[in-house]
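A.B. asks: File follows, entry-v7.txt with compact mmCIF, C-alpha atoms:
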```txt
# COMPACT_ATOMS: atom_id res chain seq x y z
CA MET A 1 0.00 0.00 0.00
CA HIS A 2 2.88 2.39 0.67
CA ARG A 3 4.59 1.29 -2.53
CA LYS A 4 2.31 3.25 -4.89
CA PRO A 5 2.99 6.73 -3.43
CA ALA A 6 6.74 5.99 -3.27
CA ARG A 7 6.71 4.71 -6.82
CA ARG A 8 4.80 7.81 -8.02
CA ALA A 9 7.31 10.05 -6.29
CA LEU A 10 10.20 8.16 -7.89
CA VAL A 11 8.60 8.43 -11.34
CA ALA A 12 7.97 12.17 -10.82
CA VAL A 13 11.59 12.77 -9.77
CA ALA A 14 12.87 10.77 -12.75
CA ALA A 15 10.62 12.69 -15.16
CA LEU A 16 11.71 16.05 -13.71
CA SER A 17 15.39 15.05 -13.92
CA LEU A 18 14.96 13.96 -17.52
CA ALA A 19 13.16 17.22 -18.39
CA LEU A 20 15.89 19.35 -16.83
CA THR A 21 18.77 17.48 -18.45
CA SER A 22 17.15 17.55 -21.89
CA ALA A 23 16.13 21.23 -21.75
CA PRO A 24 17.81 23.18 -24.54
CA ALA A 25 20.95 25.04 -23.48
CA VAL A 26 19.71 28.15 -25.27
CA ALA A 27 17.07 28.62 -22.60
CA LEU A 28 19.82 28.92 -20.00
CA THR A 29 21.93 31.50 -21.86
CA GLN A 30 21.41 35.25 -21.90
CA ASP A 31 20.72 37.02 -25.19
CA VAL A 32 23.56 39.52 -25.74
CA THR A 33 23.23 42.08 -28.54
CA ASP A 34 26.23 43.71 -30.24
CA THR A 35 25.69 47.39 -29.38
CA ASN A 36 28.38 48.42 -31.85
CA ALA A 37 26.82 46.67 -34.82
CA ALA A 38 27.24 48.64 -38.04
CA VAL A 39 24.31 50.89 -38.94
CA LYS A 40 23.44 52.56 -42.24
CA VAL A 41 22.75 56.29 -41.99
CA ALA A 42 22.21 59.18 -44.39
CA LEU A 43 25.07 61.67 -44.03
CA THR A 44 24.93 65.25 -45.31
CA VAL A 45 27.74 67.79 -45.07
CA GLN A 46 26.46 71.28 -45.87
CA GLY A 47 29.10 73.98 -46.33
CA PRO A 48 28.70 77.74 -46.76
CA ASP A 49 28.51 77.36 -50.56
CA GLY A 50 26.27 74.28 -50.72
CA SER A 51 26.51 70.54 -50.35
CA VAL A 52 29.97 69.16 -49.66
CA PHE A 53 28.80 65.54 -49.31
CA HIS A 54 25.51 63.67 -49.37
CA GLY A 55 25.13 59.91 -49.25
CA LYS A 56 24.42 56.74 -47.30
CA ILE A 57 27.19 55.36 -45.15
CA ARG A 58 27.59 52.21 -43.05
CA THR A 59 29.37 52.95 -39.79
CA LYS A 60 30.15 51.79 -36.28
CA GLY A 61 32.15 53.27 -33.43
CA HIS A 62 35.94 53.06 -33.91
CA GLU A 63 39.25 54.87 -33.38
CA VAL A 64 39.58 58.08 -35.38
CA THR A 65 42.77 59.87 -36.44
CA THR A 66 43.02 63.54 -37.40
CA ALA A 67 46.05 65.68 -38.18
CA ALA A 68 45.20 68.19 -35.44
CA GLY A 69 43.87 65.77 -32.84
CA GLY A 70 45.76 62.50 -33.18
CA THR A 71 44.17 59.08 -32.64
CA HIS A 72 41.39 58.53 -30.11
CA ARG A 73 38.36 56.33 -29.69
CA CYS A 74 35.11 57.66 -31.13
CA ASP A 75 32.70 54.96 -30.11
CA GLY A 76 30.18 56.36 -27.66
CA THR A 77 32.20 55.40 -24.58
CA ASN A 78 33.69 58.91 -24.67
CA GLY A 79 32.88 60.91 -21.57
CA GLY A 80 31.15 57.83 -20.13
CA ALA A 81 28.18 58.42 -22.45
CA HIS A 82 27.63 54.67 -23.03
CA PRO A 83 28.97 51.61 -21.21
CA SER A 84 30.00 49.91 -24.48
CA ALA A 85 30.87 50.96 -28.01
CA VAL A 86 28.12 52.32 -30.30
CA PRO A 87 28.04 53.99 -33.75
CA THR A 88 28.51 57.80 -33.60
CA PRO A 89 28.20 60.82 -35.94
CA THR A 90 31.92 61.62 -36.02
CA ALA A 91 32.73 57.97 -36.74
CA ALA A 92 30.22 58.18 -39.64
CA LEU A 93 31.97 61.31 -40.95
CA ASP A 94 35.34 59.54 -40.68
CA ASP A 95 34.03 56.47 -42.53
CA ALA A 96 32.54 58.62 -45.29
CA ALA A 97 35.80 60.56 -45.63
CA ARG A 98 37.85 57.36 -45.97
CA LYS A 99 35.43 55.66 -48.37
CA ARG A 100 34.66 58.72 -50.52
CA HIS A 101 38.20 60.20 -50.41
CA PHE A 102 37.70 63.57 -48.77
CA THR A 103 39.42 65.09 -45.75
CA TRP A 104 38.27 66.32 -42.39
CA ASP A 105 40.15 67.55 -39.36
CA GLY A 106 39.40 68.26 -35.74
CA THR A 107 41.11 69.08 -32.48
CA TRP A 108 40.93 66.60 -29.62
CA TYR A 109 39.87 68.02 -26.26
CA ALA A 110 40.82 65.68 -23.41
CA SER A 111 38.60 67.55 -20.94
CA PHE A 112 35.64 66.96 -23.25
CA ASP A 113 36.88 63.49 -24.34
CA ASP A 114 35.86 64.31 -27.90
CA TYR A 115 36.86 65.99 -31.16
CA LEU A 116 35.75 69.41 -32.29
CA VAL A 117 35.34 69.12 -36.06
CA GLU A 118 37.09 72.14 -37.56
CA SER A 119 37.24 71.48 -41.28
CA ILE A 120 35.59 69.17 -43.78
CA LYS A 121 36.78 68.89 -47.38
CA GLY A 122 38.91 72.01 -46.86
CA VAL A 123 36.01 74.12 -45.54
CA ASP A 124 37.03 75.66 -42.21
CA GLY A 125 34.99 77.83 -39.86
CA GLY A 126 37.94 80.17 -39.53
CA GLY A 127 36.71 81.66 -36.26
CA VAL A 128 33.44 82.87 -37.82
CA ALA A 129 31.63 79.54 -38.03
CA TYR A 130 31.60 75.99 -36.69
CA TRP A 131 30.46 72.57 -37.87
CA ASN A 132 27.15 71.88 -36.12
CA ILE A 133 26.20 68.20 -35.80
CA SER A 134 22.55 67.21 -35.92
CA VAL A 135 20.72 63.89 -36.02
CA ASN A 136 17.23 63.70 -37.46
CA GLY A 137 17.04 67.49 -37.59
CA THR A 138 18.03 68.16 -33.98
CA SER A 139 21.44 69.41 -32.82
CA ILE A 140 23.05 66.77 -30.66
CA PRO A 141 23.40 67.61 -26.94
CA VAL A 142 26.83 65.94 -26.60
CA GLY A 143 29.95 65.51 -28.71
CA GLY A 144 30.02 63.67 -32.03
CA CYS A 145 31.90 60.74 -30.50
CA GLN A 146 29.35 60.41 -27.68
CA PHE A 147 25.97 60.39 -29.45
CA GLU A 148 24.55 56.97 -30.44
CA LEU A 149 23.30 56.47 -34.00
CA ASN A 150 20.65 54.02 -35.16
CA THR A 151 19.95 52.57 -38.59
CA GLY A 152 18.10 55.10 -40.74
CA ASP A 153 19.23 58.18 -38.82
CA GLU A 154 19.85 61.35 -40.82
CA VAL A 155 23.18 62.85 -39.75
CA ALA A 156 24.15 66.37 -40.80
CA PHE A 157 27.33 68.37 -40.35
CA THR A 158 26.35 71.94 -41.18
CA TRP A 159 28.69 74.94 -41.45
CA THR A 160 27.05 77.41 -39.09
CA ALA A 161 28.01 81.06 -38.60
CA PHE A 162 28.38 82.37 -35.05
```
Would you kindly transcribe this structure into structure tokens?

C.D. replies:
Amino acid sequence: MHRKPARRALVAVAALSLALTSAPAVALTQDVTDTNAAVKVALTVQGPDGSVFHGKIRTKGHEVTTAAGGTHRCDGTNGGAHPSAVPTPTAALDDAARKRHFTWDGTWYASFDDYLVESIKGVDGGGVAYWNISVNGTSIPVGGCQFELNTGDEVAFTWTAF
């Protein structure tokens, strides 16, 4: 009479053990997304005399080198903006410049942990203007190496008089 409940318990334990050992390993792993996956954005560079560059560019955060600023990371981790690397506007500008064979330059400011873009394709603000960076029509609130881009964003570097 006591054998049936003991046998049922044994069968239940065996079934649970079998279920746990045959559960797919995927269910036990965490889904991790690559935050620095390449994104495709529309990039426009508008100078004082018209369009300097307009096109689609695939980009992700990476190290950037300029004549005036040297080599530094430009991947969203700048200034502690993001905990891991992400695509950024200045990285997009750098990728476009390398792929479409035009130049840009900027000074690196360690206190800001970012570049200040000073010239693009030979167009310099010269103390009377600066290169404003906007994404989807809004000026970005942080530096161009700190702002995260998403696929489909419209990035603009616009020569803007003071």

A.B. asks: Considering all atoms listed in the file, state which residue in the set A:Cys74, A:Ala161, A:Ala38, A:Ala110 is at the smallest distance from Asp94 in chain A.

C.D. replies: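 Of the candidates, the smallest distance to Asp94 in chain A is held by A:Cys74.
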
A.B. asks: Need to verify the contact set: range 80-83 of chain A, 12 Å, all atoms listed in the file, exclusion of same-chain residues closer than 6 positions in sequence. Can you return it as a PyMOL selection string?

C.D. replies: chain A and resi 35-36+61+74+112-114+141-149

A.B. asks: Rank nothing, just name the residue among A:Thr151, A:Gln46, A:Ser84, A:Thr65 nearest to Thr107 in chain A, using all atoms listed in the file.

C.D. replies: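 Closest to Thr107 in chain A of all the choices is A:Thr65.
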
A.B. asks: Identify which of the residues A:Phe157, A:Tyr115, A:Tyr130, A:Trp108 lies closest to Phe53 in chain A, counting all atoms listed in the file when measuring atom-to-atom distances.

C.D. replies: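 Among the listed residues, the smallest separation from Phe53 in chain A belongs to A:Phe157.
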
A.B. asks: Could you name the residues that touch Thr160 in chain A at 9 Å or less, counting all atoms listed in the file, but leaving out those on the same chain fewer than 2 positions away, as a list in words?

C.D. replies: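 My reading of the contact set: Gly47, Pro48, Gly125, Val128, Ala129, Tyr130, Trp131, Asn132, Thr158 and Phe162 of chain A.
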
A.B. asks: Report as a PyMOL selection string all protein, DNA and RNA residues lying within 7 Å of Ser134 in chain A, evaluated on all atoms listed in the file, omitting residues in the same chain fewer than 4 positions from it.

C.D. replies: chain A and resi 138-140+155-157

A.B. asks: Would you export the selected residues with C-alpha atoms as a short mmCIF file (atom, residue, chain, number, x, y, z; two decimals), in the coordinates of the input, please?

C.D. replies:
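Written output follows (result.cif):
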```
data_model
loop_
_atom_site.label_atom_id
_atom_site.label_comp_id
_atom_site.auth_asym_id
_atom_site.auth_seq_id
_atom_site.Cartn_x
_atom_site.Cartn_y
_atom_site.Cartn_z
CA THR A 138 18.03 68.16 -33.98
CA SER A 139 21.44 69.41 -32.82
CA ILE A 140 23.05 66.77 -30.66
CA VAL A 155 23.18 62.85 -39.75
CA ALA A 156 24.15 66.37 -40.80
CA PHE A 157 27.33 68.37 -40.35
#
```

A.B. asks: A:Gly106, A:Pro87, A:Gly126, A:Gly137: which is nearest Asn150 in chain A, counting all atoms listed in the file?

C.D. replies: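 Under the stated criterion, the closest residue is A:Pro87.
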
A.B. asks: What does the distance between CA of Ala42 in chain A and CA of Gly55 in chain A come to in Å, to one decimal place?

C.D. replies: 5.7 Å
